[in-house]
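Undergrad: mmCIF, C-alpha atoms, saved as my_file.cif, coming up:
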data_data
#
loop_
_atom_site.label_atom_id
_atom_site.label_comp_id
_atom_site.auth_asym_id
_atom_site.auth_seq_id
_atom_site.Cartn_x
_atom_site.Cartn_y
_atom_site.Cartn_z
CA MET A 1 -18.09 -27.99 -23.83
CA THR A 2 -21.59 -29.35 -23.36
CA ALA A 3 -24.43 -29.06 -25.85
CA LEU A 4 -26.08 -26.48 -23.61
CA ASP A 5 -22.94 -24.36 -23.57
CA SER A 6 -22.52 -24.44 -27.34
CA SER A 7 -26.19 -23.58 -27.97
CA HIS A 8 -25.89 -20.69 -25.51
CA LEU A 9 -22.83 -19.43 -27.40
CA HIS A 10 -24.73 -19.80 -30.69
CA ASP A 11 -27.58 -17.68 -29.26
CA LEU A 12 -25.12 -15.00 -28.16
CA ALA A 13 -23.56 -14.96 -31.63
CA LEU A 14 -26.96 -14.09 -33.11
CA LEU A 15 -27.30 -10.97 -30.97
CA SER A 16 -26.47 -7.55 -32.37
CA ASP A 17 -23.53 -5.75 -30.77
CA GLU A 18 -25.90 -3.46 -28.91
CA ALA A 19 -28.06 -6.34 -27.65
CA PHE A 20 -24.97 -8.33 -26.61
CA TRP A 21 -23.55 -5.46 -24.52
CA GLU A 22 -26.96 -4.77 -22.96
CA TYR A 23 -27.16 -8.46 -22.00
CA ALA A 24 -23.61 -8.32 -20.57
CA ARG A 25 -24.47 -5.22 -18.48
CA GLU A 26 -27.60 -6.95 -17.18
CA LEU A 27 -25.57 -10.01 -16.13
CA ALA A 28 -22.98 -7.79 -14.45
CA ARG A 29 -25.69 -6.06 -12.40
CA GLN A 30 -27.00 -9.45 -11.25
CA SER A 31 -23.59 -10.73 -10.17
CA LYS A 32 -22.61 -10.40 -6.56
CA THR A 33 -19.38 -8.48 -6.21
CA ALA A 34 -16.88 -9.98 -3.83
CA VAL A 35 -15.91 -7.52 -1.12
CA TYR A 36 -12.48 -8.00 0.34
CA PRO A 37 -11.38 -6.34 3.55
CA GLU A 38 -8.75 -3.64 3.48
CA GLU A 39 -5.36 -5.05 4.43
CA TYR A 40 -2.64 -3.29 6.42
CA LEU A 41 1.02 -4.10 7.02
CA GLU A 42 2.30 -3.83 10.58
CA CYS A 43 5.44 -1.68 10.85
CA LEU A 44 7.65 -2.55 13.77
CA HIS A 45 9.39 0.33 15.44
CA SER A 46 12.15 0.96 17.91
CA LEU A 47 10.29 3.56 19.90
CA SER A 48 9.47 3.08 23.56
CA PRO A 49 7.73 -0.23 24.29
CA GLY A 50 3.98 -0.29 24.70
CA GLN A 51 3.40 2.50 22.19
CA GLY A 52 1.50 0.15 19.88
CA SER A 53 2.11 -0.73 16.28
CA ARG A 54 1.77 1.43 13.22
CA PHE A 55 0.01 0.08 10.15
CA ILE A 56 0.22 1.09 6.50
CA ALA A 57 -2.42 0.20 3.90
CA LEU A 58 -1.03 -2.42 1.52
CA LYS A 59 -2.72 -0.65 -1.39
CA SER A 60 -0.43 2.36 -0.80
CA LEU A 61 2.75 0.28 -1.23
CA TYR A 62 4.57 -0.74 -4.38
CA ASP A 63 6.98 -3.14 -2.72
CA VAL A 64 8.46 -4.49 0.52
CA VAL A 65 12.23 -5.00 0.21
CA LEU A 66 14.18 -6.96 2.80
CA PRO A 67 17.74 -5.91 3.74
CA PRO A 68 20.54 -5.39 2.87
CA HIS A 69 20.26 -1.99 1.17
CA ARG A 70 22.93 0.29 -0.24
CA PHE A 71 22.06 3.92 0.42
CA ALA A 72 23.77 6.88 -1.18
CA VAL A 73 24.03 9.65 1.40
CA LEU A 74 23.26 13.17 0.22
CA PRO A 75 24.42 16.46 1.73
CA ALA A 76 21.98 19.02 3.15
CA VAL A 77 18.96 16.77 3.69
CA PRO A 78 16.79 16.46 6.78
CA ARG A 79 18.15 14.23 9.54
CA TRP A 80 15.44 11.61 8.98
CA MET A 81 16.31 11.14 5.29
CA VAL A 82 18.63 8.16 5.03
CA GLY A 83 19.59 8.96 1.43
CA ILE A 84 18.63 7.48 -1.91
CA VAL A 85 18.54 3.89 -3.07
CA ALA A 86 18.17 2.18 -6.43
CA TRP A 87 14.80 0.47 -6.78
CA ARG A 88 13.78 -1.10 -10.08
CA SER A 89 16.34 1.01 -11.98
CA GLU A 90 15.09 4.22 -10.36
CA ALA A 91 16.72 6.33 -7.62
CA ILE A 92 14.23 6.96 -4.81
CA ALA A 93 14.43 9.03 -1.62
CA VAL A 94 14.41 6.99 1.60
CA ILE A 95 12.94 8.27 4.86
CA ASP A 96 13.54 6.62 8.23
CA LEU A 97 9.94 6.43 9.47
CA ASN A 98 10.84 6.36 13.17
CA ALA A 99 13.23 9.30 12.87
CA TYR A 100 10.59 11.25 10.95
CA PHE A 101 7.96 10.84 13.68
CA ALA A 102 10.24 11.01 16.73
CA ASP A 103 13.55 12.63 17.50
CA VAL A 104 15.55 9.40 17.31
CA GLU A 105 18.76 8.59 15.51
CA PRO A 106 18.02 7.32 11.97
CA VAL A 107 19.04 3.75 11.16
CA ARG A 108 20.57 2.40 8.00
CA ASP A 109 19.26 -1.14 8.19
CA GLY A 110 15.78 -2.53 8.24
CA THR A 111 12.97 -3.25 5.83
CA LEU A 112 12.39 -0.85 2.97
CA LEU A 113 8.76 -0.12 2.14
CA VAL A 114 8.34 1.51 -1.25
CA ALA A 115 5.29 3.74 -0.97
CA ASN A 116 3.23 5.26 -3.73
CA TYR A 117 2.98 9.04 -3.50
CA GLU A 118 0.88 10.16 -6.46
CA GLY A 119 2.71 7.76 -8.78
CA LEU A 120 6.13 8.64 -7.33
CA PRO A 121 7.90 5.86 -5.41
CA VAL A 122 9.28 6.93 -2.02
CA GLY A 123 11.19 4.65 0.36
CA LEU A 124 10.22 4.26 4.01
CA LEU A 125 12.75 2.50 6.21
CA VAL A 126 11.35 0.62 9.21
CA PRO A 127 13.13 -1.73 11.64
CA GLY A 128 10.93 -4.59 10.44
CA VAL A 129 7.44 -5.64 9.47
CA GLY A 130 4.95 -7.80 11.29
CA MET A 131 1.65 -9.33 10.33
CA ILE A 132 -0.82 -8.24 7.70
CA ARG A 133 -4.03 -7.23 9.40
CA GLN A 134 -7.48 -6.71 8.00
CA LYS A 135 -9.96 -3.96 8.63
CA LEU A 136 -13.28 -5.67 9.18
CA SER A 137 -16.62 -3.94 9.37
CA ALA A 138 -18.41 -4.10 12.72
CA GLY A 139 -20.67 -6.99 11.69
CA ASP A 140 -17.99 -9.16 10.09
CA GLN A 141 -16.93 -12.28 11.93
CA SER A 142 -14.70 -13.67 9.19
CA THR A 143 -13.54 -12.90 5.69
CA SER A 144 -13.39 -14.87 2.49
CA SER A 145 -9.78 -15.77 3.31
CA GLY A 146 -10.84 -17.27 6.63
CA ALA A 147 -9.34 -14.53 8.79
CA THR A 148 -11.04 -14.04 12.11
CA PRO A 149 -11.42 -10.88 14.17
CA ASP A 150 -8.26 -11.70 16.17
CA ASN A 151 -6.34 -10.77 12.99
CA ALA A 152 -8.27 -7.51 12.59
CA LEU A 153 -7.18 -3.98 13.34
CA ASP A 154 -8.57 -2.80 16.63
CA ASP A 155 -7.60 0.68 17.73
CA ALA A 156 -4.20 0.53 16.06
CA LEU A 157 -2.50 3.57 14.57
CA VAL A 158 -3.02 3.52 10.79
CA LEU A 159 -0.72 5.94 9.00
CA ASP A 160 -2.23 8.20 6.37
CA LEU A 161 0.74 8.27 4.00
CA LEU A 162 -0.38 10.98 1.57
CA PRO A 163 -0.12 13.97 3.94
CA MET A 164 2.97 12.52 5.63
CA LEU A 165 4.78 12.03 2.32
CA ALA A 166 3.65 15.43 1.02
CA ASP A 167 5.15 17.06 4.11
CA ALA A 168 8.36 15.01 3.96
CA LEU A 169 8.94 15.74 0.26
CA ARG A 170 8.23 19.43 0.84
CA LEU A 171 10.82 19.48 3.65
CA ILE A 172 13.35 17.59 1.54
CA GLY A 173 12.92 20.13 -1.27
CA THR A 174 13.16 23.07 1.11
CA THR A 175 16.29 21.72 2.79
CA THR A 176 18.10 20.98 -0.44
CA ARG A 177 17.18 24.35 -1.97
CA TYR A 178 18.18 26.50 0.98
CA GLY A 179 20.73 24.31 2.78
#
Do you think you could lay out the structure here as structure tokens?
TA:
Amino acid sequence: MTALDSSHLHDLALLSDEAFWEYARELARQSKTAVYPEEYLECLHSLSPGQGSRFIALKSLYDVVLPPHRFAVLPAVPRWMVGIVAWRSEAIAVIDLNAYFADVEPVRDGTLLVANYEGLPVGLLVPGVGMIRQKLSAGDQSTSSGATPDNALDDALVLDLLPMLADALRLIGTTTRYG
């Protein structure tokens, strides 16, 4: 620690609590806040080629779990529900994302995305994952991580998980209650 640093600390120690916190707030207002782009995970799918990729916001995911997975199959659930799986000592419902959006046969292998639905973990099974893409504002040419616009989302389909998961969980509850 230099002499300047120690004298600065000594000056701070002489401040009252109120004056110290006012000084801290003033410094915080002067600091530039780093702005990071929103990041999205590409979900590969087995639907017809040329349909484009689907992306899910990384901030809406708890975890990405590579195969293999051991699913417990449940009776009287929607066709697109693969079953339940143990994740971090918790049993979570798993939805085949492709089967949910299209009338395709659900799969039992692939990458498990553990999504956050209002604090409740829900599994989304996808055939695989691709790149992480960034959502850049119109004027951005690069980000702090060095990503360039060729790694940015263009007109890709970004899934809004909250309404999708709300609907899926409602349907799971309805199916299991009424068979």
Undergrad: Which value, in Å to one decimal, gives the distance between atom CA of A:Asp160 and atom CA of A:Arg70?
TA: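 Between these atoms lies a distance of 27.2 Å.
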Undergrad: Using all atoms listed in the file, find the one residue out of A:Val73, A:Ile95, A:Met131, A:Ala19 that sits nearest to A:Asp167.
TA: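 Checking each candidate against A:Asp167, we get A:Ile95 as the closest.
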Undergrad: For atom CA of A:Thr111 and atom CA of A:Val129, determine how far apart the two atoms are, in Å to one decimal place.
TA: 7.0 Å
Undergrad: Work out how far atom CA of A:Ala115 is from atom CA of A:Gln134, in Å to one decimal.
TA: 18.8 Å
Undergrad: Given all atoms listed in the file as the basis, pick out the residue of A:Ala168, A:Ala156, A:Leu41, A:Ala28 nearest to A:Ser60.
TA: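 For A:Ser60, the nearest of the given residues is A:Leu41.
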Undergrad: Find the residues around A:Ile132 up to 9 Å (all atoms listed in the file counted), leave out those fewer than 2 positions away in its own chain, and share them as a list of chain:residue names.
TA: A:Glu39, A:Tyr40, A:Leu41, A:Glu42, A:Phe55, A:Leu58, A:Val129, A:Gly130, A:Gln134, A:Asn151, A:Ala152
Undergrad: For the residues in the current selection, export C-alpha atoms as a PDB file, in the coordinates of the input.
TA:
ATOM      1  CA  GLU A  39      -5.360  -5.050   4.430  1.00  0.00           C
ATOM      2  CA  TYR A  40      -2.640  -3.290   6.420  1.00  0.00           C
ATOM      3  CA  LEU A  41       1.020  -4.100   7.020  1.00  0.00           C
ATOM      4  CA  GLU A  42       2.300  -3.830  10.580  1.00  0.00           C
ATOM      5  CA  PHE A  55       0.010   0.080  10.150  1.00  0.00           C
ATOM      6  CA  LEU A  58      -1.030  -2.420   1.520  1.00  0.00           C
ATOM      7  CA  VAL A 129       7.440  -5.640   9.470  1.00  0.00           C
ATOM      8  CA  GLY A 130       4.950  -7.800  11.290  1.00  0.00           C
ATOM      9  CA  GLN A 134      -7.480  -6.710   8.000  1.00  0.00           C
ATOM     10  CA  ASN A 151      -6.340 -10.770  12.990  1.00  0.00           C
ATOM     11  CA  ALA A 152      -8.270  -7.510  12.590  1.00  0.00           C
TER      12      ALA A 152
END
Undergrad: For A:Leu66, which of A:Met164, A:Ala24, A:Leu112, A:Leu169 is the closest residue, counting only C-alpha atoms?
TA: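 Checking each of A:Met164, A:Ala24, A:Leu112, A:Leu169 against A:Leu66, counting only C-alpha atoms, the winner is A:Leu112.
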Undergrad: Would you be able to write out as a ChimeraX atom specification which residues have an atom within 7 Å of (10.0, 11.1, 7.8) in the file's coordinates, counting all atoms listed in the file?
TA: /A:80-81,95-97,99-101,168
Undergrad: Taking only C-alpha atoms into account, name the residue in A:Arg170, A:Val122, A:Leu14, A:Phe71 that is nearest to A:Ala93.
TA: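 That would be A:Val122, the residue with the smallest distance to A:Ala93.
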Undergrad: Could you name the residues that touch A:Val65 at 10 Å or less, counting all atoms listed in the file, but leaving out those on the same chain fewer than 4 positions away, as a PyMOL selection string?
TA: chain A and resi 69+87+110-114+123+125
Undergrad: Could you save those same residues with C-alpha atoms as a PDB file, keeping the file's coordinate frame?
TA:
ATOM      1  CA  HIS A  69      20.260  -1.990   1.170  1.00  0.00           C
ATOM      2  CA  TRP A  87      14.800   0.470  -6.780  1.00  0.00           C
ATOM      3  CA  GLY A 110      15.780  -2.530   8.240  1.00  0.00           C
ATOM      4  CA  THR A 111      12.970  -3.250   5.830  1.00  0.00           C
ATOM      5  CA  LEU A 112      12.390  -0.850   2.970  1.00  0.00           C
ATOM      6  CA  LEU A 113       8.760  -0.120   2.140  1.00  0.00           C
ATOM      7  CA  VAL A 114       8.340   1.510  -1.250  1.00  0.00           C
ATOM      8  CA  GLY A 123      11.190   4.650   0.360  1.00  0.00           C
ATOM      9  CA  LEU A 125      12.750   2.500   6.210  1.00  0.00           C
TER      10      LEU A 125
END
Undergrad: Could you check which of A:Leu159, A:Gly128, A:Asn116, A:Val77 is closest to A:Leu171, using all atoms listed in the file?
TA: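 Among the listed residues, the smallest separation from A:Leu171 belongs to A:Val77.
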